[in-house]
Amino acid sequence: MQLDVIDPQLDRIEDERLRREVWRQAISPVFIPEMDKAVPVPRDIGFRCYNLGSILLSAITASPQTIERTQSQIATQGVDHVILRLYNSGASSIDTDDGPEDIAPGTFVLFDLSQRARSVSKGMSGINLCLPRRVFDRRVGEVSAFHRGRFGADGKPLFKLLAEHVRNVRACLDTSDAAQQALLASATVDLCNASFTPEADSAYNLPAVVGIEIRQFIDDNLARPGLGIETLCGRFGLSRTPIYRLFEADGGVMTYIRHRRLARAMRILAGIEGATPTRVSSVAYAVGYGSPKMFSKAFHARYGINPRDVDATYREQADRETGAQLLSWIRGL
């Protein structure tokens with residue numbers, strides 16, 4: 001059964017190297033952290049994430065680090081969400097097109113998870129809201145336009161209200177039941193919409209959004225042998241050019257689809273995803289290959305091993321780590 005709370009209890013981990021690694025695993029589904037190995041990670045760091053059904057709320061206390069949302073994460077995860085982070089204390093900065101910009105305590109920063117981002121902190125505490133893009137009202141407009149933006153430092157009443165609300169919600173969660181948490185989540189979404197809605201309405205139409213939808217469609221249809229550029233053009237009403245452009249960094253549309261198919265095959269063979277078939281041919285057909293021979297050749301070229309030799313010893317530890325559960329929660333919103 002999926003837990004309602006993720007808390008690796010970092011303050012109870014005595015070994016500093018293990019504490020550093022558990023922290024990395026906890027946040028790496030969203031941001032890749034870099035920490036100076038010469039600087040010890042103290043025991044007062046913390047990560048506690050609540051699944052409120054429609055949103056996630058995480059309370060964090062971090063030691064000095066650099067975090068980055070990478071192109072690899074964006075391409076492989078296909079999540080269509082934003083992180084709205086309230087910085088309660090500490091000294092941090094966010095990389096913008098004009099260079100690093102300081103983040104004052106009491107400020108929100110919006111991270112669009114379909115775009116790259118980098119932030120540096122000397123140590124901070126804060127609260128993250130993870131929200132699906134679809135929960136934003138159309139009047140908010142293009143949420144991606146707010147990426148890396150800082151909100152609330154100018155003292156606008158709505159963002160001050162949102163900040164106090166978020167802090168109070170965090171204080172209530174450990175003593176609230178599921179029904180109360182659902183209501184708190186709904187109220188939080190409403191306040192976010194109120195805070196970001198401009199005076200004039202705008203449209204919800206951005207290539208990045210379509211890109212996420214296309215990647216999600218591919219993941220949902222890997223078993224279709226004919227999945228390719230024609231299918232995508234027909235499904236999304238686009239010409240070949242914008243789709244080709246979308247997958248340039250991945251080596252092309254078919255390369256991306258092939259890699260996603262082989263990654264799913266590896267998970268099936270290792271017992272991570274679904275029941276493990278007894279025959280390689282079953283896996284080949286399950287991921288859209290019409291020929292087991294072609295599948296085996298592509299699999300060996302990708303992983304350096306024949307699919308028949310994959311067993312549970314190839315199972316990645318990530319499916320039992322905090323990070324994998326967090327990513328599954330994000331996708332489930």
# chains A, B, ... in the order shown; residues from 1 in each chain; ligands from 1
$ residues_around --residues "A:Thr61" --least-positions-apart "3" --cutoff "8 Å" --atoms "only C-alpha atoms" --output "ChimeraX atom specification"
/A:44-47,123-126
$ write_last_selection --atoms "C-alpha atoms" --output "PDB file, in the first residue's frame"
ATOM      1  CA  ASP A  44      19.398  18.629  11.159  1.00  0.00           C
ATOM      2  CA  ILE A  45      18.609  18.332   7.436  1.00  0.00           C
ATOM      3  CA  GLY A  46      15.156  16.998   6.724  1.00  0.00           C
ATOM      4  CA  PHE A  47      12.707  15.914   4.039  1.00  0.00           C
ATOM      5  CA  GLY A 123      21.615  26.204   3.428  1.00  0.00           C
ATOM      6  CA  MET A 124      17.853  26.758   3.525  1.00  0.00           C
ATOM      7  CA  SER A 125      14.510  25.641   4.846  1.00  0.00           C
ATOM      8  CA  GLY A 126      11.278  25.798   2.931  1.00  0.00           C
TER       9      GLY A 126
END
$ select_by_dssp --residues "stretch 117-222 of chain A" --states "strand (DSSP E)" --output "ChimeraX atom specification"
/A:117-132,150-151
$ write_last_selection --atoms "N, CA and C atoms" --output "compact mmCIF listing (two decimals), in the first residue's frame"
# COMPACT_ATOMS: atom_id res chain seq x y z
N ALA A 117 16.61 24.01 -14.88
CA ALA A 117 16.76 25.01 -13.82
C ALA A 117 17.98 24.67 -12.98
N ARG A 118 18.53 25.69 -12.35
CA ARG A 118 19.69 25.51 -11.48
C ARG A 118 19.61 26.53 -10.35
N SER A 119 19.86 26.06 -9.13
CA SER A 119 19.80 26.93 -7.97
C SER A 119 20.93 26.57 -7.02
N VAL A 120 21.46 27.58 -6.35
CA VAL A 120 22.55 27.39 -5.40
C VAL A 120 22.09 27.86 -4.04
N SER A 121 22.40 27.08 -3.00
CA SER A 121 22.00 27.44 -1.64
C SER A 121 23.17 27.25 -0.69
N LYS A 122 23.26 28.15 0.28
CA LYS A 122 24.23 28.00 1.36
C LYS A 122 23.60 27.31 2.57
N GLY A 123 22.40 26.79 2.36
CA GLY A 123 21.61 26.20 3.43
C GLY A 123 20.27 26.91 3.49
N MET A 124 19.17 26.13 3.54
CA MET A 124 17.85 26.76 3.53
C MET A 124 16.82 25.82 4.13
N SER A 125 15.69 26.42 4.49
CA SER A 125 14.51 25.64 4.85
C SER A 125 13.34 26.19 4.05
N GLY A 126 12.40 25.34 3.72
CA GLY A 126 11.28 25.80 2.93
C GLY A 126 10.22 24.74 2.78
N ILE A 127 9.24 25.04 1.96
CA ILE A 127 8.12 24.15 1.70
C ILE A 127 7.90 24.09 0.20
N ASN A 128 7.84 22.88 -0.34
CA ASN A 128 7.57 22.68 -1.75
C ASN A 128 6.12 22.28 -1.96
N LEU A 129 5.48 22.89 -2.95
CA LEU A 129 4.20 22.40 -3.46
C LEU A 129 4.45 21.83 -4.84
N CYS A 130 4.07 20.59 -5.06
CA CYS A 130 4.15 19.99 -6.39
C CYS A 130 2.73 19.90 -6.94
N LEU A 131 2.49 20.60 -8.04
CA LEU A 131 1.14 20.71 -8.60
C LEU A 131 1.14 20.30 -10.07
N PRO A 132 0.18 19.49 -10.49
CA PRO A 132 0.03 19.22 -11.93
C PRO A 132 -0.34 20.51 -12.66
N ARG A 150 10.34 34.79 -9.26
CA ARG A 150 10.27 35.00 -7.81
C ARG A 150 9.03 35.81 -7.48
N PHE A 151 8.29 35.34 -6.49
CA PHE A 151 7.00 35.94 -6.19
C PHE A 151 6.85 36.13 -4.68
$ select_by_dssp --residues "stretch 39-209 of chain A" --states "helix (DSSP H, G or I)" --output "ChimeraX atom specification"
/A:71-77,133-135,138-140,143-146,157-175,178-196,207-209
$ closest_atom_pairs --of "stretch 15-115 of chain A" --to "stretch 208-223 of chain A" --cutoff "7 Å" --atoms "only C-alpha atoms" --output "JSON lines"
{"residue": "A:Gly78", "atom": "CA", "partner": "A:Ile212", "partner_atom": "CA", "distance": 5.5}
{"residue": "A:Val79", "atom": "CA", "partner": "A:Ile212", "partner_atom": "CA", "distance": 6.7}
{"residue": "A:Asp80", "atom": "CA", "partner": "A:Ile212", "partner_atom": "CA", "distance": 6.1}
{"residue": "A:Ser114", "atom": "CA", "partner": "A:Ala208", "partner_atom": "CA", "distance": 6.6}
$ atom_distance --atom1 "atom CA of A:Gly228" --atom2 "atom CA of A:Gly252"
10.7 Å
$ closest_residue --among "A:Lys37, A:Arg260, A:Arg245, A:His81" --to "A:Leu327" --atoms "only C-alpha atoms"
A:His81
$ closest_residue --among "A:Ala178, A:Ala62, A:Ala163, A:Cys192" --to "A:Val5" --atoms "only C-alpha atoms"
A:Ala178
$ residues_around --residues "A:Ile13" --least-positions-apart "3" --cutoff "12 Å" --atoms "only C-alpha atoms" --output "mmCIF file with all heavy atoms, in the first residue's frame"
data_model
loop_
_atom_site.group_PDB
_atom_site.id
_atom_site.type_symbol
_atom_site.label_atom_id
_atom_site.label_comp_id
_atom_site.auth_asym_id
_atom_site.auth_seq_id
_atom_site.Cartn_x
_atom_site.Cartn_y
_atom_site.Cartn_z
ATOM 1 N N PRO A 8 12.519 9.937 5.192
ATOM 2 C CA PRO A 8 13.656 9.044 5.415
ATOM 3 C C PRO A 8 14.324 9.216 6.777
ATOM 4 O O PRO A 8 15.296 8.535 7.074
ATOM 5 C CB PRO A 8 14.618 9.415 4.287
ATOM 6 C CG PRO A 8 14.273 10.820 3.945
ATOM 7 C CD PRO A 8 12.802 10.966 4.182
ATOM 8 N N GLN A 9 13.794 10.120 7.613
ATOM 9 C CA GLN A 9 14.286 10.342 8.981
ATOM 10 C C GLN A 9 15.811 10.523 8.997
ATOM 11 O O GLN A 9 16.544 9.818 9.669
ATOM 12 C CB GLN A 9 13.875 9.165 9.876
ATOM 13 C CG GLN A 9 12.354 9.036 9.988
ATOM 14 C CD GLN A 9 11.911 7.936 10.923
ATOM 15 O OE1 GLN A 9 12.515 6.868 10.985
ATOM 16 N NE2 GLN A 9 10.844 8.183 11.660
ATOM 17 N N LEU A 10 16.224 11.521 8.272
ATOM 18 C CA LEU A 10 17.651 11.795 8.110
ATOM 19 C C LEU A 10 18.339 12.107 9.428
ATOM 20 O O LEU A 10 19.533 11.819 9.595
ATOM 21 C CB LEU A 10 17.829 12.959 7.134
ATOM 22 C CG LEU A 10 17.448 12.617 5.684
ATOM 23 C CD1 LEU A 10 16.890 13.822 4.985
ATOM 24 C CD2 LEU A 10 18.627 12.071 4.932
ATOM 25 N N GLU A 16 27.515 9.916 8.298
ATOM 26 C CA GLU A 16 27.370 11.123 7.479
ATOM 27 C C GLU A 16 27.320 10.798 6.000
ATOM 28 O O GLU A 16 26.530 11.397 5.248
ATOM 29 C CB GLU A 16 28.526 12.093 7.767
ATOM 30 C CG GLU A 16 28.363 13.477 7.148
ATOM 31 C CD GLU A 16 28.906 13.574 5.731
ATOM 32 O OE1 GLU A 16 29.759 12.724 5.371
ATOM 33 O OE2 GLU A 16 28.478 14.479 4.989
ATOM 34 N N ARG A 17 28.100 9.836 5.536
ATOM 35 C CA ARG A 17 28.085 9.486 4.120
ATOM 36 C C ARG A 17 26.753 8.866 3.716
ATOM 37 O O ARG A 17 26.231 9.151 2.644
ATOM 38 C CB ARG A 17 29.236 8.525 3.808
ATOM 39 C CG ARG A 17 30.628 9.181 3.851
ATOM 40 C CD ARG A 17 31.713 8.194 3.535
ATOM 41 N NE ARG A 17 31.748 7.112 4.529
ATOM 42 C CZ ARG A 17 32.590 6.082 4.474
ATOM 43 N NH1 ARG A 17 33.451 5.985 3.479
ATOM 44 N NH2 ARG A 17 32.576 5.157 5.419
ATOM 45 N N LEU A 18 26.206 8.031 4.585
ATOM 46 C CA LEU A 18 24.907 7.447 4.297
ATOM 47 C C LEU A 18 23.820 8.514 4.312
ATOM 48 O O LEU A 18 22.914 8.514 3.476
ATOM 49 C CB LEU A 18 24.588 6.355 5.317
ATOM 50 C CG LEU A 18 23.218 5.671 5.158
ATOM 51 C CD1 LEU A 18 23.097 5.030 3.783
ATOM 52 C CD2 LEU A 18 23.019 4.636 6.260
ATOM 53 N N ARG A 19 23.911 9.453 5.250
ATOM 54 C CA ARG A 19 22.944 10.539 5.330
ATOM 55 C C ARG A 19 22.978 11.370 4.036
ATOM 56 O O ARG A 19 21.929 11.755 3.504
ATOM 57 C CB ARG A 19 23.256 11.417 6.543
ATOM 58 C CG ARG A 19 22.192 12.448 6.839
ATOM 59 C CD ARG A 19 22.322 12.962 8.263
ATOM 60 N NE ARG A 19 23.613 13.558 8.551
ATOM 61 C CZ ARG A 19 24.511 13.073 9.403
ATOM 62 N NH1 ARG A 19 24.250 11.953 10.065
ATOM 63 N NH2 ARG A 19 25.663 13.689 9.610
ATOM 64 N N ARG A 20 24.157 11.621 3.513
ATOM 65 C CA ARG A 20 24.316 12.369 2.272
ATOM 66 C C ARG A 20 23.653 11.611 1.106
ATOM 67 O O ARG A 20 22.948 12.197 0.288
ATOM 68 C CB ARG A 20 25.807 12.581 1.991
ATOM 69 C CG ARG A 20 26.115 13.384 0.725
ATOM 70 C CD ARG A 20 27.614 13.334 0.452
ATOM 71 N NE ARG A 20 28.370 13.908 1.556
ATOM 72 C CZ ARG A 20 28.772 15.164 1.608
ATOM 73 N NH1 ARG A 20 28.489 15.989 0.614
ATOM 74 N NH2 ARG A 20 29.480 15.600 2.637
ATOM 75 N N GLU A 21 23.868 10.297 1.063
ATOM 76 C CA GLU A 21 23.328 9.495 -0.022
ATOM 77 C C GLU A 21 21.803 9.391 0.046
ATOM 78 O O GLU A 21 21.111 9.471 -0.971
ATOM 79 C CB GLU A 21 23.943 8.095 -0.003
ATOM 80 C CG GLU A 21 23.409 7.148 -1.074
ATOM 81 C CD GLU A 21 23.649 7.629 -2.493
ATOM 82 O OE1 GLU A 21 24.532 8.497 -2.696
ATOM 83 O OE2 GLU A 21 22.944 7.140 -3.395
ATOM 84 N N VAL A 22 21.265 9.244 1.254
ATOM 85 C CA VAL A 22 19.813 9.161 1.410
ATOM 86 C C VAL A 22 19.162 10.488 1.016
ATOM 87 O O VAL A 22 18.102 10.510 0.392
ATOM 88 C CB VAL A 22 19.440 8.771 2.856
ATOM 89 C CG1 VAL A 22 17.943 8.879 3.074
ATOM 90 C CG2 VAL A 22 19.899 7.350 3.146
ATOM 91 N N TRP A 23 19.798 11.591 1.370
ATOM 92 C CA TRP A 23 19.294 12.900 0.934
ATOM 93 C C TRP A 23 19.279 12.984 -0.579
ATOM 94 O O TRP A 23 18.282 13.426 -1.180
ATOM 95 C CB TRP A 23 20.152 14.017 1.515
ATOM 96 C CG TRP A 23 19.836 15.365 0.927
ATOM 97 C CD1 TRP A 23 20.458 15.994 -0.114
ATOM 98 C CD2 TRP A 23 18.770 16.245 1.321
ATOM 99 N NE1 TRP A 23 19.869 17.206 -0.380
ATOM 100 C CE2 TRP A 23 18.831 17.381 0.484
ATOM 101 C CE3 TRP A 23 17.782 16.186 2.313
ATOM 102 C CZ2 TRP A 23 17.941 18.436 0.605
ATOM 103 C CZ3 TRP A 23 16.896 17.240 2.427
ATOM 104 C CH2 TRP A 23 16.986 18.350 1.578
ATOM 105 N N VAL A 41 27.478 16.903 5.959
ATOM 106 C CA VAL A 41 26.030 17.091 5.926
ATOM 107 C C VAL A 41 25.502 16.914 7.349
ATOM 108 O O VAL A 41 25.593 15.835 7.921
ATOM 109 C CB VAL A 41 25.356 16.073 4.988
ATOM 110 C CG1 VAL A 41 23.839 16.212 5.046
ATOM 111 C CG2 VAL A 41 25.865 16.256 3.556
ATOM 112 N N PRO A 42 24.959 17.961 7.968
ATOM 113 C CA PRO A 42 24.550 17.885 9.372
ATOM 114 C C PRO A 42 23.306 17.020 9.562
ATOM 115 O O PRO A 42 22.565 16.739 8.618
ATOM 116 C CB PRO A 42 24.254 19.347 9.733
ATOM 117 C CG PRO A 42 23.855 19.969 8.426
ATOM 118 C CD PRO A 42 24.686 19.295 7.383
ATOM 119 N N ARG A 43 23.044 16.652 10.798
ATOM 120 C CA ARG A 43 21.906 15.799 11.094
ATOM 121 C C ARG A 43 20.590 16.549 11.122
ATOM 122 O O ARG A 43 19.525 15.943 11.166
ATOM 123 C CB ARG A 43 22.122 15.077 12.433
ATOM 124 C CG ARG A 43 23.275 14.085 12.390
ATOM 125 C CD ARG A 43 23.442 13.334 13.689
ATOM 126 N NE ARG A 43 22.311 12.471 13.996
ATOM 127 C CZ ARG A 43 22.333 11.524 14.932
ATOM 128 N NH1 ARG A 43 23.445 11.324 15.638
ATOM 129 N NH2 ARG A 43 21.275 10.783 15.165
ATOM 130 N N ASP A 44 20.646 17.878 11.087
ATOM 131 C CA ASP A 44 19.398 18.629 11.159
ATOM 132 C C ASP A 44 18.769 18.875 9.786
ATOM 133 O O ASP A 44 17.817 19.640 9.672
ATOM 134 C CB ASP A 44 19.599 19.957 11.881
ATOM 135 C CG ASP A 44 20.570 20.884 11.168
ATOM 136 O OD1 ASP A 44 21.157 20.483 10.145
ATOM 137 O OD2 ASP A 44 20.751 22.030 11.632
ATOM 138 N N ILE A 45 19.299 18.239 8.709
ATOM 139 C CA ILE A 45 18.609 18.332 7.436
ATOM 140 C C ILE A 45 17.351 17.463 7.506
ATOM 141 O O ILE A 45 17.256 16.549 8.335
ATOM 142 C CB ILE A 45 19.498 17.895 6.251
ATOM 143 C CG1 ILE A 45 19.878 16.404 6.345
ATOM 144 C CG2 ILE A 45 20.737 18.757 6.153
ATOM 145 C CD1 ILE A 45 20.542 15.884 5.103
ATOM 146 N N GLY A 46 16.390 17.762 6.663
ATOM 147 C CA GLY A 46 15.156 16.998 6.724
ATOM 148 C C GLY A 46 14.364 17.050 5.441
ATOM 149 O O GLY A 46 14.450 18.012 4.663
#
$ closest_residue --among "A:Gly149, A:Pro292, A:Pro198, A:Pro40" --to "A:Ile94" --atoms "only C-alpha atoms"
A:Gly149
$ closest_residue --among "A:Gln115, A:Ser92, A:Ser54, A:Gln180" --to "A:Arg69" --atoms "only C-alpha atoms"
A:Gln115
$ closest_residue --among "A:Leu227, A:Ile103, A:Val310, A:Ala298" --to "A:Gly271" --atoms "only C-alpha atoms"
A:Val310
$ closest_residue --among "A:Met35, A:Leu183, A:Ala301, A:Ile330" --to "A:Ile83" --atoms "only C-alpha atoms"
A:Ile330
$ atom_distance --atom1 "atom CA of A:Asp15" --atom2 "atom CA of A:Ile27"
18.8 Å
$ atom_distance --atom1 "atom CA of A:Gly53" --atom2 "atom CA of A:Ala153"
29.4 Å
$ residues_around --residues "A:Gln181" --least-positions-apart "3" --cutoff "12 Å" --atoms "only C-alpha atoms" --output "MDAnalysis selection string"
chainID A and resid 4 50:57 169:178 184:188
